[in-house]
file run.cif (mmCIF, C-alpha atoms and all ligand atoms)
data_model
#
loop_
_atom_site.label_atom_id
_atom_site.label_comp_id
_atom_site.auth_asym_id
_atom_site.auth_seq_id
_atom_site.Cartn_x
_atom_site.Cartn_y
_atom_site.Cartn_z
CA MET A 180 4.82 4.49 -39.80
CA LYS A 181 5.95 8.08 -40.16
CA LYS A 182 7.81 10.74 -38.26
CA VAL A 183 7.46 14.52 -38.26
CA LEU A 184 10.64 16.57 -38.17
CA GLU A 185 10.69 20.29 -37.29
CA LEU A 186 13.71 21.82 -39.01
CA LYS A 187 15.73 24.63 -37.49
CA ASN A 188 14.69 26.81 -40.48
CA GLY A 189 11.06 26.50 -39.32
CA GLU A 190 9.90 24.10 -42.04
CA THR A 191 8.23 20.77 -41.30
CA VAL A 192 9.28 17.54 -42.95
CA ILE A 193 7.55 14.17 -42.97
CA ILE A 194 9.78 11.08 -42.84
CA ARG A 195 7.99 8.03 -44.22
CA HIS A 196 8.10 5.04 -46.58
CA LEU A 197 8.16 5.54 -50.34
CA THR A 198 4.89 5.37 -52.27
CA LYS A 199 4.24 5.19 -56.03
CA SER A 200 3.37 8.88 -56.23
CA ASP A 201 6.86 9.79 -54.93
CA VAL A 202 8.71 8.23 -57.87
CA ASN A 203 9.19 11.35 -60.00
CA GLY A 204 10.14 13.41 -56.94
CA VAL A 205 12.80 10.89 -55.96
CA TRP A 206 14.31 10.94 -59.46
CA PHE A 207 14.05 14.73 -59.72
CA ASN A 208 16.11 14.87 -56.53
CA PHE A 209 18.58 12.24 -57.78
CA ASN A 210 19.08 14.06 -61.09
CA GLU A 211 19.79 17.35 -59.32
CA VAL A 212 22.52 15.67 -57.24
CA ILE A 213 23.98 14.08 -60.39
CA GLU A 214 24.15 17.51 -61.99
CA GLU A 215 26.21 18.78 -59.03
CA GLY A 216 28.86 16.28 -60.18
CA LEU A 217 30.42 15.94 -56.73
CA TYR A 218 28.96 13.10 -54.73
CA LEU A 219 27.89 10.14 -56.87
CA PRO A 220 29.78 8.13 -59.52
CA VAL A 221 27.05 8.64 -62.11
CA PHE A 222 27.34 11.06 -65.02
CA PHE A 223 23.91 11.12 -66.60
CA PRO A 224 20.48 11.96 -65.16
CA VAL A 225 17.74 9.32 -65.33
CA LYS A 226 15.14 10.73 -67.70
CA SER A 227 13.30 7.61 -68.80
CA GLN A 228 9.91 7.13 -67.13
CA LEU A 229 10.20 3.39 -67.75
CA GLU A 230 13.51 3.26 -65.87
CA ARG A 231 12.06 5.28 -62.97
CA ASP A 232 8.96 3.10 -62.73
CA THR A 233 10.99 -0.11 -63.03
CA TRP A 234 13.15 1.01 -60.10
CA TYR A 235 9.98 1.46 -58.01
CA VAL A 236 8.61 -1.96 -58.99
CA ASN A 237 11.95 -3.56 -58.03
CA VAL A 238 12.06 -1.79 -54.65
CA LYS A 239 8.59 -3.08 -53.81
CA ARG A 240 9.15 -6.57 -55.25
CA GLU A 241 12.39 -6.99 -53.29
CA LYS A 242 10.70 -5.46 -50.21
CA GLU A 243 13.56 -2.99 -49.91
CA VAL A 244 13.35 -0.11 -47.47
CA CYS A 245 13.20 3.30 -49.10
CA ILE A 246 12.50 6.19 -46.75
CA ILE A 247 11.75 9.63 -48.07
CA ALA A 248 11.67 13.13 -46.59
CA GLU A 249 8.71 15.14 -47.83
CA ASN A 250 8.03 18.85 -47.50
CA ARG A 251 4.29 19.13 -48.06
CA ALA A 252 4.53 22.88 -48.48
CA LEU A 253 6.25 22.32 -51.85
CA GLU A 254 4.67 21.32 -55.16
CA LYS A 255 5.43 17.92 -56.69
CA PRO A 256 8.03 16.81 -57.69
CA CYS A 257 9.99 19.27 -55.46
CA ASN A 258 8.16 18.02 -52.35
CA ILE A 259 10.60 15.10 -52.03
CA ILE A 260 13.68 16.67 -50.47
CA GLY A 261 15.59 13.55 -49.48
CA GLN A 262 15.68 9.78 -49.74
CA CYS A 263 17.48 6.90 -48.10
CA GLU A 264 17.37 3.41 -49.58
CA ILE A 265 18.60 0.21 -47.98
CA SER A 266 18.82 -2.32 -50.77
CA ASN A 267 19.64 -6.03 -50.81
CA LEU A 268 22.79 -7.70 -52.03
CA GLU A 269 22.34 -10.34 -54.70
CA TRP A 270 23.95 -13.13 -52.60
CA ASP A 271 21.66 -15.58 -50.79
CA ALA A 272 24.16 -15.81 -47.96
CA ALA A 273 24.21 -12.03 -47.47
CA ALA A 274 20.48 -11.54 -46.96
CA HIS A 275 21.25 -10.06 -43.52
CA VAL A 276 23.21 -7.20 -45.13
CA GLY A 277 21.68 -3.98 -46.46
CA VAL A 278 23.40 -1.43 -48.71
CA LEU A 279 22.65 2.17 -47.79
CA GLY A 280 22.41 5.07 -50.22
CA ILE A 281 21.23 8.57 -49.33
CA ILE A 282 20.77 11.99 -50.88
CA ILE A 283 19.35 15.25 -49.60
CA ARG A 284 18.52 18.21 -51.87
CA GLU A 285 21.21 20.89 -51.64
CA LYS A 286 19.05 23.55 -49.99
CA TYR A 287 18.06 21.12 -47.23
CA ARG A 288 21.47 19.82 -46.22
CA ASN A 289 22.92 20.33 -42.72
CA LEU A 290 19.43 20.40 -41.18
CA TYR A 291 19.68 16.87 -39.73
CA ILE A 292 17.36 15.35 -42.31
CA GLY A 293 20.14 12.92 -43.31
CA ARG A 294 20.63 11.73 -39.76
CA SER A 295 16.87 11.26 -39.31
CA LEU A 296 16.43 9.38 -42.59
CA ILE A 297 19.29 7.00 -41.80
CA ASP A 298 18.00 6.35 -38.29
CA PHE A 299 14.50 5.60 -39.59
CA ALA A 300 15.79 3.41 -42.44
CA ILE A 301 18.09 1.35 -40.20
CA ARG A 302 15.30 0.62 -37.71
CA GLU A 303 12.83 -0.30 -40.45
CA SER A 304 15.33 -2.56 -42.22
CA LYS A 305 15.84 -4.55 -39.03
CA LYS A 306 12.12 -4.72 -38.27
CA LEU A 307 10.84 -5.45 -41.78
CA ASN A 308 13.76 -7.24 -43.44
CA ASN A 309 15.67 -8.69 -40.50
CA LYS A 310 18.83 -6.88 -41.58
CA LYS A 311 21.75 -7.18 -39.18
CA LYS A 312 24.42 -5.15 -40.88
CA ILE A 313 24.46 -2.03 -43.07
CA ILE A 314 27.24 -1.30 -45.53
CA LEU A 315 27.90 1.75 -47.69
CA SER A 316 30.58 3.53 -49.62
CA SER A 317 31.46 7.16 -50.10
CA PHE A 318 33.90 9.32 -52.02
CA SER A 319 36.93 10.10 -49.83
CA THR A 320 36.30 13.76 -50.69
CA ASN A 321 32.77 13.76 -49.23
CA GLU A 322 33.67 15.14 -45.81
CA ARG A 323 30.13 15.83 -44.66
CA ALA A 324 28.91 12.33 -45.51
CA LEU A 325 31.93 10.70 -43.85
CA HIS A 326 31.44 12.84 -40.74
CA LEU A 327 27.77 11.90 -40.51
CA PHE A 328 28.34 8.18 -41.09
CA LYS A 329 31.13 8.04 -38.48
CA LYS A 330 29.02 9.99 -36.01
CA LEU A 331 26.24 7.43 -36.39
CA GLY A 332 28.70 4.61 -35.68
CA PHE A 333 29.76 3.40 -39.13
CA ARG A 334 33.35 2.08 -39.13
CA VAL A 335 35.76 2.42 -42.02
CA VAL A 336 36.62 -1.12 -43.14
CA GLY A 337 38.63 -0.35 -46.23
CA ALA A 338 39.34 1.89 -49.17
CA ARG A 339 39.55 1.29 -52.88
CA LYS A 340 42.25 3.60 -54.11
CA LYS A 341 41.52 5.71 -57.21
CA GLN A 342 38.25 3.85 -57.71
CA PHE A 343 36.53 6.74 -59.48
CA LEU A 344 37.64 9.24 -62.10
CA MET A 345 35.59 12.41 -61.75
CA ASN A 346 36.39 15.55 -63.73
CA SER A 347 39.89 14.21 -64.49
CA HIS A 348 40.66 13.56 -60.80
CA TYR A 349 40.94 10.18 -59.16
CA ILE A 350 38.93 9.68 -55.98
CA ASP A 351 39.23 6.88 -53.42
CA GLU A 352 36.14 4.94 -52.39
CA ILE A 353 35.77 4.59 -48.60
CA LEU A 354 33.98 1.42 -47.47
CA MET A 355 32.04 1.51 -44.20
CA GLU A 356 29.79 -0.76 -42.18
CA LEU A 357 27.60 -0.77 -39.11
CA TRP A 358 26.19 -3.61 -37.01
CA ILE A 359 22.55 -2.68 -36.35
CA ASP A 360 22.36 -4.00 -32.78
CA ASP A 361 25.38 -1.87 -31.85
CA TYR A 362 23.61 1.13 -33.36
CA LEU A 363 20.40 0.43 -31.45
CA ASN A 364 22.30 0.04 -28.18
CA ASP A 365 23.91 3.43 -28.71
CA HIS A 366 20.73 5.16 -29.98
CA SER A 367 17.91 3.82 -27.84
C1 LIG A 401 25.66 13.60 -47.00
C2 LIG A 401 24.20 13.93 -46.70
C3 LIG A 401 23.31 12.73 -47.00
C4 LIG A 401 24.07 14.29 -45.21
O1 LIG A 401 22.74 14.65 -44.92
P1 LIG A 401 22.47 16.02 -44.14
O2 LIG A 401 21.02 16.12 -43.87
O3 LIG A 401 23.12 17.13 -44.87
O4 LIG A 401 23.29 15.73 -42.79
P2 LIG A 401 22.96 16.11 -41.29
O5 LIG A 401 22.47 17.53 -41.25
O6 LIG A 401 22.10 15.08 -40.66
O7 LIG A 401 24.42 16.01 -40.63
C5 LIG A 401 25.51 16.65 -41.24
C6 LIG A 401 26.71 16.58 -40.31
O8 LIG A 401 27.89 16.88 -41.07
C7 LIG A 401 28.52 18.05 -40.54
N1 LIG A 401 29.14 18.72 -41.66
C8 LIG A 401 28.61 19.60 -42.54
N2 LIG A 401 29.53 19.97 -43.46
C9 LIG A 401 30.67 19.30 -43.15
C10 LIG A 401 31.97 19.26 -43.73
N3 LIG A 401 32.27 19.96 -44.83
N4 LIG A 401 32.91 18.47 -43.15
C11 LIG A 401 32.62 17.72 -42.05
N5 LIG A 401 31.38 17.73 -41.46
C12 LIG A 401 30.43 18.51 -42.01
C13 LIG A 401 27.41 18.80 -39.86
O9 LIG A 401 27.93 19.72 -38.89
C14 LIG A 401 26.64 17.63 -39.21
O10 LIG A 401 27.37 17.10 -38.12
P3 LIG A 401 27.04 17.41 -36.57
O11 LIG A 401 25.76 16.69 -36.25
O12 LIG A 401 28.24 16.85 -35.86
O13 LIG A 401 26.91 18.91 -36.46
C15 LIG A 401 23.71 15.15 -47.53
O14 LIG A 401 24.48 16.29 -47.19
C16 LIG A 401 23.76 14.92 -49.03
O15 LIG A 401 22.82 14.42 -49.59
N6 LIG A 401 24.87 15.28 -49.69
C17 LIG A 401 24.97 15.14 -51.14
C18 LIG A 401 24.81 13.70 -51.62
C19 LIG A 401 25.69 12.77 -50.84
O16 LIG A 401 26.80 13.11 -50.49
N7 LIG A 401 25.18 11.55 -50.59
C20 LIG A 401 25.94 10.54 -49.87
C21 LIG A 401 26.81 9.80 -50.80
S1 LIG A 401 27.76 8.55 -49.94
#

call {"tool": "encode", "arguments": {"input": "run.cif", "output": "structure tokens", "more": "lines below"}}
Ligand SMILES: CC(C)(COP(=O)(O)OP(=O)(O)OC[C@H]1O[C@@H](n2cnc3c(N)ncnc32)[C@H](O)[C@@H]1OP(=O)(O)O)[C@@H](O)C(=O)NCCC(=O)NCCS
result
Amino acid sequence: MKKVLELKNGETVIIRHLTKSDVNGVWFNFNEVIEEGLYLPVFFPVKSQLERDTWYVNVKREKEVCIIAENRALEKPCNIIGQCEISNLEWDAAAHVGVLGIIIREKYRNLYIGRSLIDFAIRESKKLNNKKKIILSSFSTNERALHLFKKLGFRVVGARKKQFLMNSHYIDEILMELWIDDYLNDHS
């Protein structure tokens, strides 16, 4: 299954499931966001090919949903301009819960790719993995992400105060969740 998105800047983006040939594009994208130093609690880029490939093997083995946004007009690895993963928790009794993570390359933010990736990933995680609930967390300083998650129906269920220390500043972690059937009722 795939979806074609026409961006307001005139470019066309394909929204689809991850394949093996996307791996370096996904990590290229991830490493760029890490280098921004603003949005994720990770300090070092992932350079090891073994680590990148192992991540892919795990995603497929665990049957996790990873949806990517591809701009076919760009050369690899820059063709992957966004990704949204819904991973499993380790608990047997929480198999109905998915954990959402998302990043969009800087140049392509605010073009509704994030909203489209999350919508696609939520639907696929219900259909393929029988997920019922999606959880996530965000820096309290990440106003755009919080706005988008709330707009899609995620509710704030808690905060971990001063959970992260980034560039000598403490940041709270905001915890959010969404019940998928509520989302589908509101976004038919
Ligand atoms: C957060 C992120 C995934 C959102 O994806 P996106 O494609 O940029 O988002 P969209 O274009 O679908 O929607 C953005 C929304 O935020 C709004 N927005 C933009 N900047 C904002 C700001 N500073 N404060 C509040 N809202 C803002 C936009 O107006 C839009 O809302 P609208 O539909 O009401 O107009 C993306 O910007 C990103 O990857 N950021 C860096 C990494 C990151 O933060 N990942 C999430 C970690 S929890």

call {"tool": "closest_residue", "arguments": {"input": "run.cif", "among": "A:Ile259, A:Leu219, A:Ala274, A:Val183", "to": "ligand LIG 401 (chain A)", "atoms": "all atoms listed in the file"}}
result
A:Leu219

call {"tool": "residues_near_point", "arguments": {"input": "run.cif", "point": "(23.6, 11.9, -50.2)", "cutoff": "10 Å", "atoms": "all atoms listed in the file", "output": "MDAnalysis selection string"}}
result
chainID A and resid 209 212 218:219 261:263 280:285 288 293 317 321 323:324

call {"tool": "closest_residue", "arguments": {"input": "run.cif", "among": "A:Asn237, A:Ser266, A:Ser295, A:Ser347", "to": "ligand LIG 401 (chain A)", "atoms": "all atoms listed in the file"}}
result
A:Ser295

call {"tool": "axis_aligned_box", "arguments": {"input": "run.cif", "around": "ligand LIG 401 (chain A)", "padding_each_side": "3 Å", "output": "JSON"}}
result
{"center_x": 27.0, "center_y": 14.3, "center_z": -43.7, "size_x": 17.9, "size_y": 17.4, "size_z": 21.8}

call {"tool": "atom_distance", "arguments": {"input": "run.cif", "atom1": "CA of Lys182 in chain A", "atom2": "CA of Phe299 in chain A"}}
result
8.5 Å

call {"tool": "atom_distance", "arguments": {"input": "run.cif", "atom1": "atom N4 of ligand LIG 401 (chain A)", "atom2": "CA of His196 in chain A"}}
result
28.4 Å

call {"tool": "closest_residue", "arguments": {"input": "run.cif", "among": "A:Val205, A:Ala252, A:Leu327, A:Leu268", "to": "ligand LIG 401 (chain A)", "atoms": "all atoms listed in the file"}}
result
A:Leu327

call {"tool": "closest_residue", "arguments": {"input": "run.cif", "among": "A:Asp201, A:Asp365, A:Asp360, A:Asp351", "to": "Pro220 in chain A", "atoms": "all atoms listed in the file"}}
result
A:Asp351

call {"tool": "closest_residue", "arguments": {"input": "run.cif", "among": "A:Arg231, A:Lys329, A:Lys242, A:Lys310", "to": "ligand LIG 401 (chain A)", "atoms": "only C-alpha atoms and all ligand atoms"}}
result
A:Lys329

call {"tool": "residues_near_point", "arguments": {"input": "run.cif", "point": "(20.3, -4.0, -35.7)", "cutoff": "7 Å", "atoms": "only C-alpha atoms", "output": "list of chain:residue names"}}
result
A:Lys305, A:Lys310, A:Lys311, A:Lys312, A:Trp358, A:Ile359, A:Asp360, A:Asp361, A:Tyr362, A:Leu363
